[in-house]
>>> print(open('run.txt').read())   # compact mmCIF, C-alpha atoms
# COMPACT_ATOMS: atom_id res chain seq x y z
CA MET A 10 3.87 111.10 7.58
CA ASN A 11 7.35 111.71 8.80
CA PHE A 12 10.20 109.87 7.03
CA LYS A 13 12.40 108.02 9.47
CA PRO A 14 15.54 106.23 8.19
CA GLN A 15 15.24 103.54 10.89
CA ASN A 16 11.81 102.58 9.54
CA VAL A 17 13.31 102.03 6.09
CA VAL A 18 15.93 99.70 7.57
CA ILE A 19 13.28 97.73 9.47
CA GLY A 20 11.11 97.52 6.37
CA LEU A 21 13.93 96.28 4.18
CA SER A 22 14.89 93.72 6.82
CA LEU A 23 11.32 92.38 7.00
CA PHE A 24 11.16 92.21 3.21
CA GLY A 25 14.39 90.25 3.17
CA LEU A 26 13.14 87.82 5.78
CA LEU A 27 9.82 87.29 4.06
CA GLY A 28 11.56 86.88 0.75
CA GLY A 29 13.86 84.20 2.23
CA CYS A 30 10.94 82.26 3.72
CA ALA A 31 9.02 82.42 0.49
CA THR A 32 11.69 80.41 -1.41
CA VAL A 33 9.62 77.82 -3.32
CA THR A 34 10.50 74.17 -2.72
CA PRO A 35 11.56 72.69 -6.09
CA PRO A 36 9.06 70.13 -7.50
CA GLN A 37 11.77 67.43 -7.63
CA LEU A 38 12.23 67.71 -3.87
CA VAL A 39 8.49 67.70 -3.24
CA GLU A 40 8.06 64.58 -5.36
CA ALA A 41 10.98 62.85 -3.66
CA ARG A 42 9.60 63.60 -0.20
CA GLU A 43 6.13 62.36 -1.17
CA ALA A 44 7.57 59.22 -2.75
CA TYR A 45 9.57 58.51 0.37
CA ASN A 46 6.53 59.00 2.64
CA VAL A 47 4.60 56.46 0.60
CA SER A 48 7.44 53.93 0.41
CA SER A 49 8.34 54.17 4.08
CA ASN A 50 4.86 52.82 4.84
CA GLY A 51 4.76 50.34 1.98
CA LEU A 52 6.30 47.20 0.55
CA ALA A 53 9.86 48.59 0.28
CA ALA A 54 10.00 49.33 4.02
CA LYS A 55 9.37 45.62 4.66
CA LEU A 56 11.24 43.90 1.87
CA THR A 57 14.02 46.32 0.81
CA PRO A 58 14.75 48.54 3.82
CA THR A 59 18.45 48.86 2.91
CA GLU A 60 17.67 50.30 -0.53
CA LEU A 61 15.12 52.64 1.02
CA TYR A 62 17.70 53.77 3.57
CA ASP A 63 20.17 54.61 0.75
CA ALA A 64 17.43 56.69 -0.86
CA LYS A 65 16.75 58.42 2.45
CA LYS A 66 20.40 59.45 2.78
CA VAL A 67 20.32 61.17 -0.62
CA LEU A 68 16.97 62.78 0.25
CA ASP A 69 18.54 64.10 3.48
CA LYS A 70 21.32 65.69 1.41
CA ALA A 71 18.71 67.34 -0.79
CA ASN A 72 16.85 68.69 2.25
CA LYS A 73 20.08 69.93 3.85
CA GLU A 74 21.21 71.58 0.65
CA PHE A 75 17.78 73.19 0.32
CA GLU A 76 17.86 74.44 3.91
CA ASP A 77 21.33 75.84 3.48
CA LYS A 78 21.19 77.25 0.00
CA GLY A 79 17.59 77.24 -1.16
CA ASP A 80 16.52 76.03 -4.61
CA THR A 81 19.77 75.14 -6.34
CA ALA A 82 20.69 72.76 -9.17
CA GLU A 83 22.32 70.51 -6.60
CA VAL A 84 19.08 70.33 -4.59
CA ARG A 85 17.22 69.26 -7.76
CA ASP A 86 19.95 66.72 -8.63
CA TYR A 87 19.91 65.15 -5.15
CA SER A 88 16.09 65.12 -5.21
CA TYR A 89 16.10 63.47 -8.64
CA ILE A 90 18.58 60.81 -7.51
CA ALA A 91 16.64 60.25 -4.25
CA LYS A 92 13.40 59.74 -6.18
CA ARG A 93 15.06 57.24 -8.54
CA LYS A 94 16.47 55.31 -5.58
CA ILE A 95 13.06 55.25 -3.90
CA GLU A 96 11.55 53.91 -7.12
CA LEU A 97 14.35 51.35 -7.32
CA ALA A 98 13.62 50.24 -3.74
CA GLU A 99 9.96 49.74 -4.73
CA VAL A 100 10.93 47.81 -7.86
CA LYS A 101 13.29 45.59 -5.90
CA ALA A 102 10.60 45.02 -3.26
CA ARG A 103 8.15 43.83 -5.91
CA THR A 104 10.89 41.66 -7.40
CA GLU A 105 11.57 40.20 -3.98
CA LEU A 106 7.86 39.46 -3.61
CA ASP A 107 7.94 37.58 -6.91
CA ARG A 108 11.04 35.69 -5.78
CA GLN A 109 9.19 34.67 -2.64
CA ARG A 110 6.27 33.53 -4.81
CA ILE A 111 8.66 31.42 -6.88
CA ALA A 112 10.25 29.92 -3.77
CA GLU A 113 6.83 29.14 -2.30
CA ALA A 114 5.63 27.60 -5.56
CA VAL A 115 8.75 25.45 -5.77
CA LYS A 116 8.34 24.44 -2.13
CA GLN A 117 4.67 23.57 -2.60
CA GLY A 118 5.53 21.76 -5.82
CA VAL A 119 7.99 19.60 -3.92
CA VAL A 120 5.37 18.84 -1.26
CA VAL A 121 2.69 18.07 -3.85
CA ARG A 122 5.05 15.88 -5.89
CA ASP A 123 6.20 14.16 -2.71
CA THR A 124 2.60 13.49 -1.69
CA GLN A 125 1.76 12.26 -5.18
CA MET A 126 4.79 9.97 -5.16
CA LYS A 127 3.79 8.59 -1.77
CA ASP A 128 0.24 8.00 -3.02
CA LEU A 129 1.65 6.36 -6.13
CA GLN A 130 3.94 4.15 -4.07
CA ALA A 131 1.07 3.24 -1.73
CA GLY A 132 -1.02 2.36 -4.78
CA LEU A 133 1.78 0.23 -6.13
CA VAL A 134 2.15 -1.57 -2.81
CA LYS A 135 -1.61 -2.19 -2.72
CA THR A 136 -1.61 -3.45 -6.30
CA ARG A 137 1.37 -5.68 -5.54
CA GLU A 138 -0.45 -7.07 -2.48
CA GLN A 139 -3.56 -7.69 -4.55
CA LEU A 140 -1.50 -9.44 -7.18
CA GLU A 141 0.21 -11.48 -4.48
CA ALA A 142 -3.17 -12.37 -2.96
CA GLU A 143 -4.53 -13.33 -6.36
CA LYS A 144 -1.40 -15.34 -7.01
CA ASN A 145 -1.79 -17.14 -3.67
CA ASN A 146 -5.47 -17.68 -4.37
CA GLY A 147 -4.52 -19.12 -7.74
CA ALA A 148 -1.94 -21.30 -6.03
CA LEU A 149 -4.60 -22.54 -3.65
CA LYS A 150 -6.88 -23.25 -6.56
CA ASP A 151 -4.04 -25.04 -8.26
CA LYS A 152 -3.51 -27.02 -5.06
CA ASP A 153 -7.21 -27.90 -4.87
CA LEU A 154 -7.13 -28.86 -8.51
CA ALA A 155 -4.07 -30.99 -7.90
CA ASN A 156 -5.79 -32.67 -4.95
CA THR A 157 -8.92 -33.26 -6.97
CA THR A 158 -6.88 -34.60 -9.84
CA ALA A 159 -5.01 -36.88 -7.46
CA GLN A 160 -8.29 -38.07 -5.99
CA LEU A 161 -9.72 -38.68 -9.43
CA GLU A 162 -6.56 -40.49 -10.40
CA ALA A 163 -6.74 -42.60 -7.24
CA GLU A 164 -10.39 -43.36 -7.89
CA LYS A 165 -9.60 -44.21 -11.48
CA GLN A 166 -6.81 -46.45 -10.31
CA ALA A 167 -9.07 -48.09 -7.75
CA ARG A 168 -11.77 -48.57 -10.37
CA MET A 169 -9.29 -50.06 -12.79
CA THR A 170 -8.06 -52.37 -10.05
CA ALA A 171 -11.62 -53.37 -9.21
CA GLU A 172 -12.48 -53.89 -12.84
CA ALA A 173 -9.36 -55.98 -13.30
CA LYS A 174 -10.30 -57.99 -10.21
CA LEU A 175 -13.86 -58.35 -11.50
CA ALA A 176 -12.61 -59.40 -14.92
CA GLY A 177 -10.34 -61.97 -13.30
CA ALA A 178 -13.16 -63.25 -11.08
CA MET A 179 -15.57 -63.43 -14.00
CA LYS A 180 -12.95 -65.25 -16.06
CA ASP A 181 -12.47 -67.79 -13.25
CA LEU A 182 -16.21 -68.07 -12.95
CA ALA A 183 -16.57 -68.82 -16.63
CA ALA A 184 -14.55 -71.97 -16.07
CA ILE A 185 -17.17 -73.41 -13.71
CA ALA A 186 -20.42 -71.75 -14.81
CA ALA A 187 -22.10 -70.34 -17.87
CA VAL A 188 -21.85 -66.57 -17.89
CA LYS A 189 -23.77 -64.54 -20.42
CA GLU A 190 -24.93 -60.97 -20.97
CA GLU A 191 -28.64 -60.47 -21.25
CA ALA A 192 -30.94 -57.50 -21.22
CA ARG A 193 -31.71 -58.10 -17.53
CA GLY A 194 -28.00 -58.19 -16.68
CA VAL A 195 -25.14 -60.66 -16.40
CA VAL A 196 -26.55 -64.13 -15.83
CA ILE A 197 -24.46 -66.81 -14.08
CA THR A 198 -26.00 -70.24 -14.58
CA LEU A 199 -25.12 -73.10 -12.25
CA SER A 200 -26.34 -76.62 -12.97
CA GLY A 201 -28.77 -77.93 -10.37
CA SER A 202 -27.12 -81.33 -10.36
CA VAL A 203 -23.82 -79.78 -9.41
CA LEU A 204 -25.35 -77.95 -6.44
CA PHE A 205 -28.01 -80.27 -5.03
CA ALA A 206 -28.98 -83.91 -4.73
CA SER A 207 -32.22 -84.84 -6.50
CA GLY A 208 -35.26 -83.38 -4.70
CA LYS A 209 -33.06 -81.77 -2.02
CA TYR A 210 -32.05 -78.15 -1.37
CA ALA A 211 -29.03 -78.71 0.88
CA LEU A 212 -25.85 -77.66 -0.90
CA LEU A 213 -23.42 -80.41 -1.85
CA GLU A 214 -19.91 -79.99 -0.49
CA THR A 215 -18.53 -79.89 -4.00
CA ALA A 216 -20.95 -77.08 -4.80
CA LYS A 217 -19.52 -74.90 -2.07
CA THR A 218 -16.13 -74.71 -3.73
CA LYS A 219 -17.75 -73.39 -6.87
CA LEU A 220 -19.95 -71.01 -4.93
CA ASP A 221 -16.83 -69.63 -3.25
CA GLN A 222 -15.64 -68.48 -6.67
CA VAL A 223 -19.10 -67.11 -7.43
CA ALA A 224 -18.99 -65.18 -4.15
CA GLU A 225 -15.66 -63.62 -5.11
CA ALA A 226 -17.08 -62.53 -8.47
CA LEU A 227 -20.15 -61.04 -6.82
CA LYS A 228 -18.15 -59.18 -4.19
CA ALA A 229 -16.06 -57.68 -6.97
CA GLN A 230 -19.17 -56.04 -8.43
CA SER A 231 -19.64 -52.34 -7.86
CA ASP A 232 -21.70 -51.41 -4.83
CA ASP A 233 -24.62 -50.07 -6.81
CA LYS A 234 -25.53 -53.41 -8.44
CA ARG A 235 -28.23 -55.67 -7.09
CA MET A 236 -28.33 -59.47 -7.48
CA ILE A 237 -31.13 -62.00 -7.71
CA VAL A 238 -30.72 -65.75 -7.10
CA GLU A 239 -33.32 -67.62 -9.15
CA GLY A 240 -34.17 -71.28 -8.49
CA HIS A 241 -35.45 -73.24 -11.54
CA THR A 242 -36.77 -76.84 -11.89
CA ASP A 243 -37.79 -79.06 -14.80
CA SER A 244 -41.42 -79.68 -15.56
CA GLN A 245 -41.62 -83.00 -13.83
CA GLY A 246 -43.60 -82.95 -10.63
CA SER A 247 -46.21 -80.42 -9.59
CA ASP A 248 -45.74 -76.73 -8.99
CA ALA A 249 -46.73 -77.31 -5.42
CA THR A 250 -43.59 -79.37 -5.09
CA ASN A 251 -41.34 -77.53 -7.49
CA LYS A 252 -42.13 -74.01 -6.30
CA PRO A 253 -40.90 -74.39 -2.72
CA LEU A 254 -38.04 -76.58 -3.90
CA SER A 255 -36.81 -73.89 -6.29
CA LEU A 256 -37.20 -71.20 -3.65
CA ASN A 257 -35.41 -73.24 -1.01
CA ARG A 258 -32.54 -73.96 -3.39
CA ALA A 259 -32.30 -70.24 -4.29
CA ASN A 260 -32.25 -69.35 -0.60
CA ALA A 261 -29.65 -71.96 0.14
CA VAL A 262 -27.37 -70.45 -2.48
CA ARG A 263 -28.09 -66.89 -1.33
CA GLU A 264 -27.38 -67.69 2.30
CA TYR A 265 -24.14 -69.38 1.47
CA LEU A 266 -23.03 -66.44 -0.63
CA VAL A 267 -23.90 -64.08 2.23
CA THR A 268 -21.75 -66.14 4.59
CA LYS A 269 -18.94 -65.63 2.09
CA GLY A 270 -19.18 -61.86 2.28
CA VAL A 271 -21.80 -60.87 -0.28
CA ASP A 272 -23.88 -57.93 1.04
CA SER A 273 -27.20 -59.45 2.17
CA SER A 274 -29.08 -56.23 1.42
CA LYS A 275 -28.17 -56.49 -2.23
CA ILE A 276 -29.02 -60.07 -2.94
CA THR A 277 -32.46 -61.65 -3.01
CA ALA A 278 -33.76 -65.11 -3.80
CA VAL A 279 -36.81 -66.20 -5.84
CA GLY A 280 -38.26 -69.64 -6.70
CA LEU A 281 -39.50 -69.82 -10.28
CA ALA A 282 -40.14 -73.64 -10.48
CA SER A 283 -40.49 -74.66 -14.14
CA SER A 284 -41.87 -71.36 -15.39
CA ARG A 285 -38.78 -70.38 -17.35
CA PRO A 286 -37.22 -73.38 -18.96
CA LEU A 287 -34.08 -72.92 -21.03
CA VAL A 288 -35.10 -75.68 -23.39
CA ASP A 289 -38.09 -78.00 -23.66
CA ASN A 290 -38.37 -80.80 -21.14
CA ASN A 291 -38.69 -83.65 -23.68
CA THR A 292 -35.37 -85.34 -23.02
CA ALA A 293 -33.44 -86.16 -19.90
CA GLU A 294 -30.58 -83.91 -21.03
CA ASN A 295 -32.89 -80.98 -21.55
CA ARG A 296 -34.53 -81.47 -18.19
CA ALA A 297 -31.09 -81.56 -16.57
CA ASN A 298 -30.30 -78.22 -18.21
CA ASN A 299 -33.56 -76.74 -16.98
CA ARG A 300 -32.76 -77.73 -13.39
CA ARG A 301 -30.54 -74.87 -12.49
CA VAL A 302 -29.82 -71.84 -10.34
CA GLU A 303 -29.29 -68.51 -12.04
CA ILE A 304 -27.68 -65.54 -10.40
CA VAL A 305 -28.65 -62.34 -12.19
CA ILE A 306 -26.38 -59.35 -11.66
CA GLN A 307 -28.61 -56.43 -12.57
CA PRO A 308 -27.18 -53.39 -14.27
CA ALA A 309 -26.58 -50.38 -12.03
CA GLN A 310 -29.77 -48.42 -11.56
CA VAL A 311 -29.68 -44.85 -12.67
CA SER A 312 -31.08 -42.79 -9.87
CA ALA A 313 -33.99 -40.59 -10.83
CA ARG A 314 -33.26 -36.93 -10.59
CA MET B 15 46.51 99.58 -17.52
CA PHE B 16 46.66 97.67 -20.82
CA LYS B 17 48.98 95.09 -19.28
CA LYS B 18 46.53 94.55 -16.48
CA THR B 19 43.66 94.10 -18.93
CA ILE B 20 45.57 91.52 -21.03
CA THR B 21 46.49 89.58 -17.90
CA ALA B 22 42.86 89.55 -16.75
CA LEU B 23 41.56 88.33 -20.12
CA ALA B 24 44.21 85.59 -20.23
CA ALA B 25 43.25 84.47 -16.76
CA PHE B 26 39.55 84.42 -17.76
CA ALA B 27 40.32 82.38 -20.89
CA ILE B 28 42.31 79.84 -18.93
CA THR B 29 39.63 79.55 -16.26
CA GLY B 30 36.73 79.30 -18.78
CA CYS B 31 38.34 76.55 -20.85
CA ALA B 32 39.58 74.47 -17.90
CA SER B 33 37.93 70.97 -17.70
CA ILE B 34 37.28 68.98 -14.55
CA GLN B 35 38.17 65.36 -14.05
CA ILE B 36 35.27 63.01 -13.36
CA PRO B 37 36.49 60.19 -11.11
CA ALA B 38 37.17 57.22 -13.39
CA ASP B 39 35.38 54.73 -11.13
CA ARG B 40 32.22 56.87 -11.11
CA LEU B 41 32.10 56.98 -14.89
CA GLU B 42 32.92 53.28 -15.17
CA ARG B 43 30.20 52.41 -12.65
CA SER B 44 27.59 54.44 -14.51
CA GLU B 45 28.49 52.93 -17.88
CA ALA B 46 28.54 49.41 -16.39
CA SER B 47 25.01 49.95 -15.04
CA VAL B 48 23.85 51.01 -18.51
CA ARG B 49 25.40 47.87 -20.09
CA ALA B 50 23.90 45.63 -17.40
CA ALA B 51 20.45 47.11 -17.99
CA GLU B 52 20.78 46.55 -21.74
CA GLU B 53 21.88 42.94 -21.22
CA MET B 54 18.96 42.32 -18.89
CA GLY B 55 16.61 43.40 -21.70
CA ALA B 56 15.67 46.86 -20.43
CA SER B 57 15.16 47.99 -24.04
CA ALA B 58 12.22 45.60 -24.30
CA VAL B 59 10.46 47.06 -21.25
CA PRO B 60 8.92 50.48 -22.02
CA ALA B 61 9.45 52.08 -18.59
CA ALA B 62 12.94 50.61 -18.31
CA ARG B 63 13.76 51.75 -21.84
CA LEU B 64 12.91 55.36 -20.87
CA HIS B 65 15.24 55.33 -17.87
CA LEU B 66 17.94 53.60 -19.90
CA GLN B 67 17.78 56.37 -22.48
CA MET B 68 17.83 59.03 -19.76
CA ALA B 69 20.90 57.35 -18.26
CA LYS B 70 22.69 57.42 -21.58
CA ASP B 71 21.75 61.03 -22.27
CA GLN B 72 22.85 62.17 -18.82
CA THR B 73 26.13 60.29 -19.08
CA GLU B 74 26.89 62.16 -22.29
CA ALA B 75 25.76 65.40 -20.70
CA ALA B 76 28.01 64.79 -17.73
CA LYS B 77 30.97 64.23 -20.01
CA ARG B 78 30.24 67.45 -21.86
CA MET B 79 29.84 69.37 -18.60
CA ALA B 80 33.11 67.95 -17.32
CA GLY B 81 34.78 69.04 -20.51
CA ASN B 82 33.42 72.50 -19.93
CA GLY B 83 34.67 72.51 -16.38
CA ASP B 84 31.19 72.34 -14.87
CA GLU B 85 31.55 70.76 -11.45
CA ARG B 86 27.89 69.69 -11.54
CA ALA B 87 29.00 67.00 -14.02
CA VAL B 88 29.60 64.61 -11.13
CA LEU B 89 26.02 64.95 -9.88
CA VAL B 90 24.61 64.57 -13.40
CA LEU B 91 26.63 61.39 -13.72
CA ALA B 92 25.12 60.22 -10.43
CA ARG B 93 21.66 60.91 -11.90
CA ALA B 94 22.63 58.83 -14.94
CA GLU B 95 23.74 55.99 -12.69
CA ALA B 96 20.48 56.17 -10.71
CA ASP B 97 18.46 55.93 -13.93
CA ALA B 98 20.58 53.05 -15.23
CA GLU B 99 20.14 51.10 -11.99
CA LEU B 100 16.41 51.76 -12.05
CA ALA B 101 16.25 50.51 -15.66
CA LEU B 102 18.15 47.38 -14.65
CA GLY B 103 15.85 46.83 -11.66
CA MET B 104 12.74 47.21 -13.82
CA ALA B 105 14.07 44.72 -16.39
CA ARG B 106 14.82 42.24 -13.62
CA GLU B 107 11.38 42.79 -12.13
CA VAL B 108 9.69 41.84 -15.42
CA THR B 109 11.85 38.73 -15.82
CA THR B 110 11.28 37.64 -12.23
CA HIS B 111 7.56 38.36 -12.46
CA ASN B 112 7.30 36.20 -15.58
CA ASP B 113 9.22 33.45 -13.77
CA ALA B 114 6.81 33.73 -10.82
CA GLU B 115 3.79 33.46 -13.10
CA ARG B 116 5.30 30.42 -14.78
CA ALA B 117 6.05 28.82 -11.39
CA SER B 118 2.43 29.37 -10.32
CA GLU B 119 1.17 27.80 -13.55
CA ASP B 120 3.54 24.86 -13.10
CA LEU B 121 2.30 24.37 -9.55
CA LYS B 122 -1.32 24.43 -10.73
CA ALA B 123 -0.47 21.85 -13.38
CA VAL B 124 1.28 19.62 -10.84
CA LYS B 125 -1.68 19.86 -8.46
CA ALA B 126 -4.13 19.14 -11.25
CA ARG B 127 -2.34 16.17 -12.74
CA THR B 128 -3.69 12.70 -12.03
CA LEU B 129 -1.13 10.00 -11.61
CA PRO B 130 -2.02 6.51 -12.72
>>> encode(input="run.txt", output="structure tokens")
Amino acid sequence: MNFKPQNVVIGLSLFGLLGGCATVTPPQLVEAREAYNVSSNGLAAKLTPTELYDAKKVLDKANKEFEDKGDTAEVRDYSYIAKRKIELAEVKARTELDRQRIAEAVKQGVVVRDTQMKDLQAGLVKTREQLEAEKNNGALKDKDLANTTAQLEAEKQARMTAEAKLAGAMKDLAAIAAVKEEARGVVITLSGSVLFASGKYALLETAKTKLDQVAEALKAQSDDKRMIVEGHTDSQGSDATNKPLSLNRANAVREYLVTKGVDSSKITAVGLASSRPLVDNNTAENRANNRRVEIVIQPAQVSAR
Amino acid sequence: MFKKTITALAAFAITGCASIQIPADRLERSEASVRAAEEMGASAVPAARLHLQMAKDQTEAAKRMAGNGDERAVLVLARAEADAELALGMAREVTTHNDAERASEDLKAVKARTLP
């Protein structure tokens, strides 16, 4: 092998070139580059691009320094700073995400509270309406009650008036006829001699005046009372004579009372002849007392339920 | 020859002991970042506490290097500032994250509550 000086020069040159290319990239720069590659495709690129751009500028300095001068302390310093700035961009991005979460929570909270308040207000309005309706219903009930009370009061007043009228009529009646309370009802007794001529059943004119007062007393009775006109004779004469006479007299009285306004459906007439004497028929006075017409006002009948 | 040697040694001594001046605003900014991180509670957050300590150490190192005339002091100070800002960011992240969690819980509570 021949030694040639030019070969030595070429060899040394190649060695120098290879040696220059073989300069190892410092780990700080490698880490910074890798960190930037990750962040540029991650959260920081979206939420904190300005911070990431600041980091990129420092990383560019590190790369430039490395290209120009190789692995120097400055390259490592710039790489270190670049990596810290990339990390800071990531941290700020996560912080921004949390801030957005807070803002969203606050916003949703406002919406939820607003909805709840609206629901609450709607509930209050509904409750108020119900209360108002119940109040009105109560007012109506009060009105009904007031009407009923007024009606009752009016009826009471009318009853009192009627009773007063009845009492007055019965008092007037007592002046012209015997009025007494018996088990069968109120019995008004009119003397036969006052009403009829002997053996007759046509009413005397003087009797009519008295019967007018009787009619007023009967009309004052409540509607639910029934009346019976009973004709009575003494024991003189036969039943064949006395029976029709007593019935005719009772009818004569009944018909007159009806003409004076007593309800015909509520008053009946019966002839009892001498079957129910008040006293014995031994004296003329007693027989006069037994000749009579009785009007029985029966107590109100309680309807069967 | 002796005179030349003395002159050279004197020049070396002067050059070796010369300090460099770190820009006042750079130093102030770095120290302010450290204080801000401490106030934000970085000491209570393990990762933030590490970077806070690194920031402090590098600030002191930068001062020493400047005193020794090492021009790299400025870059070391920049490293310190980067660590301090990262510590501050991490402390803020924890605080904000806790706030976010609390806001979510509050929202859940509001949604779950039943008004009369």
>>> interface_residues(input="run.txt", of="chain B", to="chain A", cutoff="10 Å", atoms="only C-alpha atoms", output="PyMOL selection string")
chain B and resi 65+86+89-125+127-130
>>> atom_distance(input="run.txt", atom1="atom CA of A:Glu172", atom2="atom CA of A:Ser231")
8.9 Å
>>> atom_distance(input="run.txt", atom1="atom CA of A:Leu175", atom2="atom CA of A:Leu199")
18.6 Å
>>> atom_distance(input="run.txt", atom1="atom CA of A:Arg193", atom2="atom CA of A:Tyr265")
23.4 Å
>>> closest_residue(input="run.txt", among="A:Lys70, A:His241, A:Arg301, A:Arg85", to="A:Ala186", atoms="only C-alpha atoms")
A:Arg301
>>> closest_residue(input="run.txt", among="A:Pro308, A:Pro35, A:Gly147, A:Gly51", to="A:Val84", atoms="all atoms listed in the file")
A:Pro35
